[in-house]
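Q: Pasting run18.pdb below, which is PDB, C-alpha atoms and all ligand atoms.
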```pdb
ATOM      1  CA  MET A 145    -130.904-124.832 -76.181
ATOM      2  CA  LYS A 146    -131.251-123.335 -72.770
ATOM      3  CA  THR A 147    -132.463-119.759 -72.852
ATOM      4  CA  SER A 148    -131.908-119.104 -69.136
ATOM      5  CA  ARG A 149    -130.342-120.491 -66.030
ATOM      6  CA  SER A 150    -132.842-122.675 -64.191
ATOM      7  CA  ILE A 151    -133.588-123.296 -60.532
ATOM      8  CA  GLU A 152    -131.308-126.088 -59.383
ATOM      9  CA  LYS A 153    -132.587-126.230 -55.825
ATOM     10  CA  ILE A 154    -135.053-124.460 -53.536
ATOM     11  CA  VAL A 155    -133.800-123.599 -50.040
ATOM     12  CA  ARG A 156    -136.077-122.503 -47.187
ATOM     13  CA  GLY A 157    -133.289-121.888 -44.683
ATOM     14  CA  GLN A 158    -133.008-122.517 -40.967
ATOM     15  CA  LYS A 159    -134.735-120.466 -38.299
ATOM     16  CA  THR A 160    -132.136-119.469 -35.761
ATOM     17  CA  SER A 161    -130.998-116.563 -33.636
ATOM     18  CA  ASP A 162    -127.716-114.708 -33.481
ATOM     19  CA  GLY A 163    -126.175-111.790 -31.607
ATOM     20  CA  ASN A 164    -128.186-111.091 -28.453
ATOM     21  CA  GLY A 165    -131.224-113.166 -29.459
ATOM     22  CA  VAL A 166    -132.071-111.632 -32.838
ATOM     23  CA  LYS A 167    -134.403-113.985 -34.703
ATOM     24  CA  LEU A 168    -133.458-114.659 -38.291
ATOM     25  CA  THR A 169    -133.535-117.214 -41.092
ATOM     26  CA  ARG A 170    -130.149-118.463 -42.246
ATOM     27  CA  LEU A 171    -130.576-119.132 -45.964
ATOM     28  CA  LEU A 172    -126.993-119.656 -47.016
ATOM     29  CA  THR A 173    -125.705-122.148 -44.461
ATOM     30  CA  GLN A 174    -122.179-123.565 -44.166
ATOM     31  CA  ASP A 175    -123.025-126.640 -46.278
ATOM     32  CA  LEU A 176    -123.707-124.314 -49.258
ATOM     33  CA  GLN A 177    -120.448-122.320 -49.007
ATOM     34  CA  LYS A 178    -118.682-124.420 -51.622
ATOM     35  CA  ARG A 179    -121.606-124.429 -54.055
ATOM     36  CA  LEU A 180    -122.159-120.680 -53.682
ATOM     37  CA  ASP A 181    -118.489-119.641 -53.423
ATOM     38  CA  PRO A 182    -117.577-116.684 -52.985
ATOM     39  CA  PHE A 183    -120.581-116.192 -50.647
ATOM     40  CA  LEU A 184    -120.375-117.516 -47.110
ATOM     41  CA  MET A 185    -123.684-116.647 -45.505
ATOM     42  CA  LEU A 186    -127.047-114.995 -46.168
ATOM     43  CA  ASP A 187    -129.393-114.190 -43.297
ATOM     44  CA  ALA A 188    -132.882-112.728 -43.686
ATOM     45  CA  PHE A 189    -134.440-110.939 -40.731
ATOM     46  CA  GLY A 190    -137.928-109.489 -40.539
ATOM     47  CA  SER A 191    -140.272-108.935 -37.627
ATOM     48  CA  GLU A 192    -142.816-106.513 -36.194
ATOM     49  CA  GLU A 193    -142.051-107.818 -32.699
ATOM     50  CA  ALA A 194    -139.421-105.745 -30.903
ATOM     51  CA  SER A 195    -138.464-108.775 -28.773
ATOM     52  CA  ASP A 196    -137.256-110.502 -31.983
ATOM     53  CA  TYR A 197    -134.614-107.833 -32.687
ATOM     54  CA  ILE A 198    -134.180-105.488 -29.707
ATOM     55  CA  GLY A 199    -131.112-107.333 -28.328
ATOM     56  CA  GLY A 200    -129.167-106.460 -31.480
ATOM     57  CA  PHE A 201    -125.596-107.561 -32.123
ATOM     58  CA  PRO A 202    -123.337-106.275 -29.325
ATOM     59  CA  ASP A 203    -119.542-106.058 -29.839
ATOM     60  CA  HIS A 204    -118.182-109.015 -31.824
ATOM     61  CA  PRO A 205    -115.152-109.583 -34.081
ATOM     62  CA  HIS A 206    -114.748-110.468 -37.775
ATOM     63  CA  ARG A 207    -111.721-111.395 -39.877
ATOM     64  CA  GLY A 208    -111.158-112.537 -43.452
ATOM     65  CA  PHE A 209    -114.263-111.459 -45.390
ATOM     66  CA  GLU A 210    -116.812-108.675 -46.054
ATOM     67  CA  THR A 211    -120.270-108.144 -44.577
ATOM     68  CA  VAL A 212    -123.028-106.457 -46.567
ATOM     69  CA  THR A 213    -126.109-105.392 -44.617
ATOM     70  CA  TYR A 214    -129.153-104.278 -46.610
ATOM     71  CA  MET A 215    -131.922-102.764 -44.528
ATOM     72  CA  LEU A 216    -135.403-102.882 -46.052
ATOM     73  CA  GLN A 217    -137.153-101.363 -43.054
ATOM     74  CA  GLY A 218    -135.905-100.203 -39.692
ATOM     75  CA  ARG A 219    -132.998 -98.386 -38.058
ATOM     76  CA  MET A 220    -129.737 -99.934 -36.906
ATOM     77  CA  ARG A 221    -126.724 -98.134 -35.396
ATOM     78  CA  HIS A 222    -123.225 -99.368 -36.177
ATOM     79  CA  HIS A 223    -119.986 -98.744 -34.218
ATOM     80  CA  ASP A 224    -116.600-100.306 -34.865
ATOM     81  CA  SER A 225    -113.054-100.528 -33.562
ATOM     82  CA  ALA A 226    -111.751 -98.432 -36.486
ATOM     83  CA  GLY A 227    -113.784 -95.509 -35.119
ATOM     84  CA  ASN A 228    -116.540 -95.689 -37.715
ATOM     85  CA  SER A 229    -120.135 -95.093 -36.772
ATOM     86  CA  GLY A 230    -123.268 -94.912 -38.864
ATOM     87  CA  LEU A 231    -127.015 -95.252 -38.898
ATOM     88  CA  LEU A 232    -128.444 -97.736 -41.344
ATOM     89  CA  HIS A 233    -132.086 -97.207 -42.211
ATOM     90  CA  ASP A 234    -134.829 -98.028 -44.719
ATOM     91  CA  GLY A 235    -133.304 -98.922 -48.096
ATOM     92  CA  GLY A 236    -129.718 -98.264 -46.986
ATOM     93  CA  VAL A 237    -126.668-100.494 -47.321
ATOM     94  CA  GLN A 238    -123.640-100.923 -45.125
ATOM     95  CA  TRP A 239    -120.584-102.526 -46.715
ATOM     96  CA  MET A 240    -117.828-103.534 -44.337
ATOM     97  CA  THR A 241    -114.558-105.186 -45.286
ATOM     98  CA  ALA A 242    -113.360-106.838 -42.089
ATOM     99  CA  GLY A 243    -109.958-107.739 -43.585
ATOM    100  CA  LYS A 244    -107.398-108.339 -40.815
ATOM    101  CA  GLY A 245    -109.929-107.532 -38.145
ATOM    102  CA  VAL A 246    -112.832-105.431 -36.937
ATOM    103  CA  ILE A 247    -114.769-105.481 -33.694
ATOM    104  CA  HIS A 248    -118.191-103.937 -34.138
ATOM    105  CA  SER A 249    -121.713-103.696 -32.823
ATOM    106  CA  GLU A 250    -124.981-103.407 -34.717
ATOM    107  CA  MET A 251    -127.808-102.249 -32.439
ATOM    108  CA  PRO A 252    -131.428-101.365 -33.261
ATOM    109  CA  GLU A 253    -132.323 -97.716 -32.892
ATOM    110  CA  GLN A 254    -136.049 -98.318 -32.560
ATOM    111  CA  LYS A 255    -138.215 -99.791 -29.835
ATOM    112  CA  ASN A 256    -141.147-100.824 -31.978
ATOM    113  CA  GLY A 257    -142.226-101.226 -35.597
ATOM    114  CA  ARG A 258    -140.938-103.496 -38.300
ATOM    115  CA  MET A 259    -137.287-104.291 -38.875
ATOM    116  CA  SER A 260    -136.355-106.291 -41.960
ATOM    117  CA  GLY A 261    -133.414-106.859 -44.248
ATOM    118  CA  PHE A 262    -130.491-109.088 -45.104
ATOM    119  CA  GLN A 263    -126.911-109.712 -44.137
ATOM    120  CA  LEU A 264    -124.652-111.273 -46.746
ATOM    121  CA  TRP A 265    -121.067-112.440 -46.172
ATOM    122  CA  LEU A 266    -118.730-112.193 -49.160
ATOM    123  CA  ASN A 267    -115.396-113.981 -48.968
ATOM    124  CA  LEU A 268    -112.087-112.237 -49.642
ATOM    125  CA  PRO A 269    -109.365-113.815 -51.800
ATOM    126  CA  SER A 270    -106.517-115.237 -49.680
ATOM    127  CA  LYS A 271    -104.212-112.368 -50.657
ATOM    128  CA  GLU A 272    -106.716-109.805 -49.311
ATOM    129  CA  LYS A 273    -107.861-111.546 -46.130
ATOM    130  CA  MET A 274    -105.465-109.511 -43.983
ATOM    131  CA  CYS A 275    -106.125-106.170 -45.734
ATOM    132  CA  THR A 276    -106.853-102.938 -43.882
ATOM    133  CA  PRO A 277    -110.526-102.826 -42.852
ATOM    134  CA  TRP A 278    -112.857-100.657 -44.953
ATOM    135  CA  TYR A 279    -116.355 -99.478 -44.374
ATOM    136  CA  LYS A 280    -119.025 -97.423 -46.115
ATOM    137  CA  ASP A 281    -122.663 -96.578 -45.476
ATOM    138  CA  PHE A 282    -124.962 -95.834 -48.397
ATOM    139  CA  ARG A 283    -128.214 -94.053 -47.660
ATOM    140  CA  SER A 284    -131.157 -95.292 -49.710
ATOM    141  CA  GLU A 285    -130.874 -92.386 -52.194
ATOM    142  CA  GLU A 286    -127.188 -93.263 -52.760
ATOM    143  CA  VAL A 287    -128.026 -96.757 -53.988
ATOM    144  CA  PRO A 288    -128.218 -96.529 -57.815
ATOM    145  CA  GLU A 289    -131.690 -97.337 -59.081
ATOM    146  CA  ILE A 290    -133.021 -97.812 -62.590
ATOM    147  CA  GLN A 291    -136.542 -98.081 -63.934
ATOM    148  CA  LEU A 292    -137.225-100.544 -66.744
ATOM    149  CA  GLU A 293    -140.333-100.840 -68.876
ATOM    150  CA  ASP A 294    -143.276-102.733 -67.400
ATOM    151  CA  GLY A 295    -142.823-101.110 -64.017
ATOM    152  CA  VAL A 296    -139.673-102.958 -62.951
ATOM    153  CA  THR A 297    -137.275-101.156 -60.595
ATOM    154  CA  ILE A 298    -133.715-102.403 -60.054
ATOM    155  CA  ARG A 299    -131.677-101.228 -57.072
ATOM    156  CA  ILE A 300    -128.004-102.004 -57.738
ATOM    157  CA  ILE A 301    -126.091-102.651 -54.533
ATOM    158  CA  ALA A 302    -123.056-104.185 -56.249
ATOM    159  CA  GLY A 303    -121.871-104.843 -59.797
ATOM    160  CA  THR A 304    -123.487-103.578 -62.986
ATOM    161  CA  SER A 305    -126.986-104.053 -64.381
ATOM    162  CA  HIS A 306    -128.409-102.706 -67.659
ATOM    163  CA  HIS A 307    -125.261-100.536 -68.081
ATOM    164  CA  ALA A 308    -125.688 -98.905 -64.674
ATOM    165  CA  ARG A 309    -122.999 -99.246 -62.017
ATOM    166  CA  GLY A 310    -123.961-100.204 -58.512
ATOM    167  CA  ALA A 311    -122.866 -98.773 -55.165
ATOM    168  CA  VAL A 312    -119.870-101.142 -54.790
ATOM    169  CA  GLN A 313    -117.543-102.911 -57.256
ATOM    170  CA  ARG A 314    -115.110-105.684 -56.358
ATOM    171  CA  GLU A 315    -112.443-106.932 -58.761
ATOM    172  CA  VAL A 316    -111.737-110.573 -58.034
ATOM    173  CA  THR A 317    -115.183-111.896 -57.114
ATOM    174  CA  GLU A 318    -117.153-109.379 -59.254
ATOM    175  CA  PRO A 319    -120.221-109.527 -57.003
ATOM    176  CA  LEU A 320    -123.637-108.642 -58.408
ATOM    177  CA  TYR A 321    -126.283-107.762 -55.830
ATOM    178  CA  LEU A 322    -129.647-106.540 -57.093
ATOM    179  CA  ASP A 323    -132.957-105.801 -55.402
ATOM    180  CA  ILE A 324    -135.650-106.163 -58.062
ATOM    181  CA  HIS A 325    -139.177-104.810 -57.646
ATOM    182  CA  PHE A 326    -141.987-105.864 -59.986
ATOM    183  CA  ASN A 327    -144.405-103.024 -59.351
ATOM    184  CA  LYS A 328    -147.357-103.891 -61.634
ATOM    185  CA  ASP A 329    -150.164-106.146 -60.481
ATOM    186  CA  THR A 330    -150.316-107.545 -64.026
ATOM    187  CA  GLY A 331    -146.732-108.775 -63.719
ATOM    188  CA  ALA A 332    -143.718-108.354 -65.994
ATOM    189  CA  SER A 333    -140.545-110.051 -67.173
ATOM    190  CA  PHE A 334    -136.909-109.297 -66.506
ATOM    191  CA  GLU A 335    -133.576-110.419 -67.946
ATOM    192  CA  GLU A 336    -130.077-110.136 -66.577
ATOM    193  CA  VAL A 337    -126.781-111.295 -68.039
ATOM    194  CA  ILE A 338    -124.886-113.340 -65.443
ATOM    195  CA  PRO A 339    -121.837-115.190 -66.809
ATOM    196  CA  LYS A 340    -121.952-118.982 -66.348
ATOM    197  CA  THR A 341    -118.700-118.771 -64.433
ATOM    198  CA  SER A 342    -120.455-116.894 -61.603
ATOM    199  CA  ASN A 343    -122.388-118.757 -58.942
ATOM    200  CA  ALA A 344    -125.829-117.206 -58.458
ATOM    201  CA  PHE A 345    -128.932-117.419 -56.321
ATOM    202  CA  LEU A 346    -132.061-115.416 -55.633
ATOM    203  CA  TYR A 347    -134.422-114.917 -52.704
ATOM    204  CA  VAL A 348    -138.045-113.809 -53.009
ATOM    205  CA  TYR A 349    -139.304-111.624 -50.170
ATOM    206  CA  GLU A 350    -142.637-110.506 -51.660
ATOM    207  CA  GLY A 351    -144.965-112.292 -54.066
ATOM    208  CA  GLU A 352    -143.646-115.101 -56.255
ATOM    209  CA  ILE A 353    -141.642-115.415 -59.452
ATOM    210  CA  THR A 354    -141.073-117.930 -62.249
ATOM    211  CA  VAL A 355    -137.714-118.847 -63.780
ATOM    212  CA  SER A 356    -137.979-120.591 -67.189
ATOM    213  CA  ASP A 357    -135.011-122.055 -69.044
ATOM    214  CA  GLY A 358    -136.896-122.685 -72.322
ATOM    215  CA  SER A 359    -138.004-126.219 -71.461
ATOM    216  CA  LYS A 360    -138.948-126.183 -67.801
ATOM    217  CA  SER A 361    -140.322-123.570 -65.414
ATOM    218  CA  ASN A 362    -139.853-123.295 -61.673
ATOM    219  CA  VAL A 363    -141.849-121.122 -59.320
ATOM    220  CA  VAL A 364    -140.002-119.564 -56.382
ATOM    221  CA  LYS A 365    -142.389-118.493 -53.642
ATOM    222  CA  LYS A 366    -142.139-115.881 -50.925
ATOM    223  CA  GLU A 367    -139.378-116.648 -48.408
ATOM    224  CA  GLU A 368    -137.714-119.190 -50.665
ATOM    225  CA  MET A 369    -134.177-119.023 -52.025
ATOM    226  CA  GLY A 370    -133.464-120.532 -55.447
ATOM    227  CA  ILE A 371    -129.962-121.693 -56.357
ATOM    228  CA  LEU A 372    -129.432-120.986 -60.066
ATOM    229  CA  SER A 373    -127.824-123.483 -62.444
ATOM    230  CA  ASN A 374    -124.512-122.508 -64.106
ATOM    231  CA  ASP A 375    -125.473-123.518 -67.659
ATOM    232  CA  SER A 376    -126.535-120.244 -69.259
ATOM    233  CA  ASP A 377    -125.246-116.678 -69.295
ATOM    234  CA  LEU A 378    -128.762-115.330 -68.948
ATOM    235  CA  LEU A 379    -131.345-115.202 -66.183
ATOM    236  CA  LYS A 380    -134.997-114.767 -67.172
ATOM    237  CA  ILE A 381    -137.604-114.043 -64.537
ATOM    238  CA  LYS A 382    -141.362-113.628 -65.026
ATOM    239  CA  THR A 383    -144.092-112.684 -62.608
ATOM    240  CA  ALA A 384    -147.865-112.733 -62.761
ATOM    241  CA  GLY A 385    -148.174-109.901 -60.282
ATOM    242  CA  MET A 386    -146.221-107.728 -57.892
ATOM    243  CA  ALA A 387    -143.081-109.301 -56.450
ATOM    244  CA  ARG A 388    -139.763-108.387 -54.893
ATOM    245  CA  LEU A 389    -136.561-110.378 -54.777
ATOM    246  CA  ILE A 390    -132.818-110.098 -54.408
ATOM    247  CA  VAL A 391    -130.445-111.638 -56.952
ATOM    248  CA  ILE A 392    -126.841-112.308 -55.916
ATOM    249  CA  ALA A 393    -123.979-113.609 -58.071
ATOM    250  CA  GLY A 394    -120.186-113.749 -57.931
ATOM    251  CA  LYS A 395    -117.108-115.488 -59.293
ATOM    252  CA  PRO A 396    -115.930-118.405 -57.159
ATOM    253  CA  LEU A 397    -112.499-118.117 -55.533
ATOM    254  CA  GLY A 398    -111.857-121.868 -55.523
ATOM    255  CA  GLU A 399    -109.796-121.561 -52.339
ATOM    256  CA  SER A 400    -110.202-123.570 -49.159
ATOM    257  CA  ILE A 401    -112.707-122.171 -46.656
ATOM    258  CA  VAL A 402    -112.155-122.638 -42.924
ATOM    259  CA  GLN A 403    -114.761-120.946 -40.743
ATOM    260  CA  TYR A 404    -114.836-120.648 -36.990
ATOM    261  CA  GLY A 405    -117.762-118.406 -36.028
ATOM    262  CA  PRO A 406    -116.953-114.855 -37.155
ATOM    263  CA  PHE A 407    -113.545-115.745 -38.638
ATOM    264  CA  VAL A 408    -113.233-117.148 -42.164
ATOM    265  CA  MET A 409    -109.730-118.016 -43.356
ATOM    266  CA  ASN A 410    -108.007-120.563 -45.639
ATOM    267  CA  THR A 411    -106.281-122.754 -43.040
ATOM    268  CA  LYS A 412    -106.803-123.999 -39.496
ATOM    269  CA  GLU A 413    -103.545-122.323 -38.431
ATOM    270  CA  GLN A 414    -104.869-118.949 -39.597
ATOM    271  CA  ILE A 415    -108.027-119.524 -37.532
ATOM    272  CA  ILE A 416    -105.985-120.368 -34.426
ATOM    273  CA  GLN A 417    -104.038-117.154 -35.029
ATOM    274  CA  ALA A 418    -107.280-115.137 -35.347
ATOM    275  CA  VAL A 419    -108.647-116.530 -32.061
ATOM    276  CA  GLU A 420    -105.323-115.823 -30.359
ATOM    277  CA  ASP A 421    -105.162-112.277 -31.762
ATOM    278  CA  PHE A 422    -108.712-111.633 -30.556
ATOM    279  CA  ARG A 423    -107.955-112.966 -27.050
ATOM    280  CA  ASN A 424    -104.780-110.880 -26.829
ATOM    281  CA  GLY A 425    -106.496-107.740 -28.060
ATOM    282  CA  ASN A 426    -104.487-107.714 -31.316
ATOM    283  CA  LEU A 427    -107.316-108.353 -33.743
ATOM    284  CA  ALA A 428    -108.371-104.763 -34.174
TER     285      ALA A 428
HETATM  286 CO    CO A 501    -120.962-108.384 -37.478
END
```
Show me the file's structure as structure tokens.
Ligand code: CO

A:
Amino acid sequence: MKTSRSIEKIVRGQKTSDGNGVKLTRLLTQDLQKRLDPFLMLDAFGSEEASDYIGGFPDHPHRGFETVTYMLQGRMRHHDSAGNSGLLHDGGVQWMTAGKGVIHSEMPEQKNGRMSGFQLWLNLPSKEKMCTPWYKDFRSEEVPEIQLEDGVTIRIIAGTSHHARGAVQREVTEPLYLDIHFNKDTGASFEEVIPKTSNAFLYVYEGEITVSDGSKSNVVKKEEMGILSNDSDLLKIKTAGMARLIVIAGKPLGESIVQYGPFVMNTKEQIIQAVEDFRNGNLA
């Protein structure tokens, strides 16, 4: 019997740039949207070189989904068409529901030093794609954190872990978003219940980890994403030393996905409408 989900596939992502020349690695690419439904995109960014991030993301639109930005290090200023503004910095999270439409900018508020983090796109169910936009910033100290034995820290960005509720809950897709730190150089083990019905993946950004399903073990190294199999309700992770990773899971929507750049809808007609609304100034 399987005692854990296993690693179905290792993904190293595509080096690319977005916004005004911000260098990043796109881990969850369009060809994985169906497999990892309800997630549409995961980008990892991380650089000491100001030229890799200084251009930022000037004004651009979104419609039909949610963006979750998790900043590990650095400072980024956000402005949007709904009048929201906020500063995202070390350990903070910004959750934005674009719904029927938002135009926003995300610009670095630093001229040197390291900037690193992730941007995840979470799809909205068809009935919520045209909802009123919503937005919230969580400072690092507002992100619920729990300490387990063996020096393991869990930061809970979304969902519930070990009976603790995270910063954000969503009904239909029930997203789980954890940042897990193995803090001991002798390593530790960690378990999380993730129902089989949820699609799940993890990304290691420091050290390396091992996922064992009872018969086989897979190592996931630094800067690798592992897609998790859907054949167990448990995830077991072990490390031999210090490591850090994010674990993301959610219930698939099973609806059609039509993406055109920053718009993600269910039909081509809805995309044409989004482009038209943006051109006419009716998006946000
Ligand atoms: Co954006």

Q: So which residues touch range 200-206 of chain A within 9 Å, counting only C-alpha atoms, skipping near sequence neighbours fewer than 2 positions away, as a ChimeraX atom specification?

A: /A:162-166,197-198,208-210,220,223-224,242-252,405-408,422,427-428

Q: Would you list the residues near (-114.1, -103.1, -42.4), meaning any protein, DNA or RNA residue with an atom at most 6 Å from that point in file coordinates, counting all atoms listed in the file, as a count of residues only?

A: 6

Q: Using the chain letters and numbers from the file, give me the residues hit by the PyMOL selection byres (((chain A and resi 331) around 7) and not hetatm), as a list in words.

A: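 That expression, the PyMOL selection byres (((chain A and resi 331) around 7) and not hetatm), corresponds here to Phe326, Lys328, Asp329, Thr330, Ala332, Thr383, Ala384, Gly385 and Met386 of chain A.
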
Q: Which residue gives the smallest distance to Val355 in chain A among A:Ile392, A:Asn374, A:Thr341, A:Lys380, with only C-alpha atoms counted?

A: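 Under the stated criterion, the closest residue is A:Lys380.
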
Q: Restricting the calculation to all atoms listed in the file: of A:Val402, A:Glu336, A:Asp294, A:Met409, which residue gets closest to Leu379 in chain A?

A: A:Glu336

Q: For Pro182 in chain A, which of A:Glu399, A:Asp357, A:Asp375, A:Asp421 is the closest residue, counting only C-alpha atoms?

A: A:Glu399

Q: Rounded to one decimal, what separation in Å do you get between CA of Phe345 in chain A and CA of Val391 in chain A?

A: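 A separation of 6.0 Å between them.
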
Q: Measure the distance from CA of Arg309 in chain A to CA of Thr276 in chain A in Å and round it to one decimal.

A: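 Answer for the CA of Arg309 in chain A to CA of Thr276 in chain A separation: 24.6 Å.
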
Q: Could you check which residues have any atom within 7 Å of (-137.8, -112.2, -56.2), counting all atoms listed in the file with coordinates taken straight from the file, and then list them as a PyMOL selection string?

A: chain A and resi 324+346-350+352-353+387-390

Q: Under the PyMOL selection byres (((chain A and resi 147-150) around 12) and not hetatm), which residues of this model are included? Write them out as a ChimeraX atom specification.

A: /A:145-146,151-154,334-346,354-364,370-382
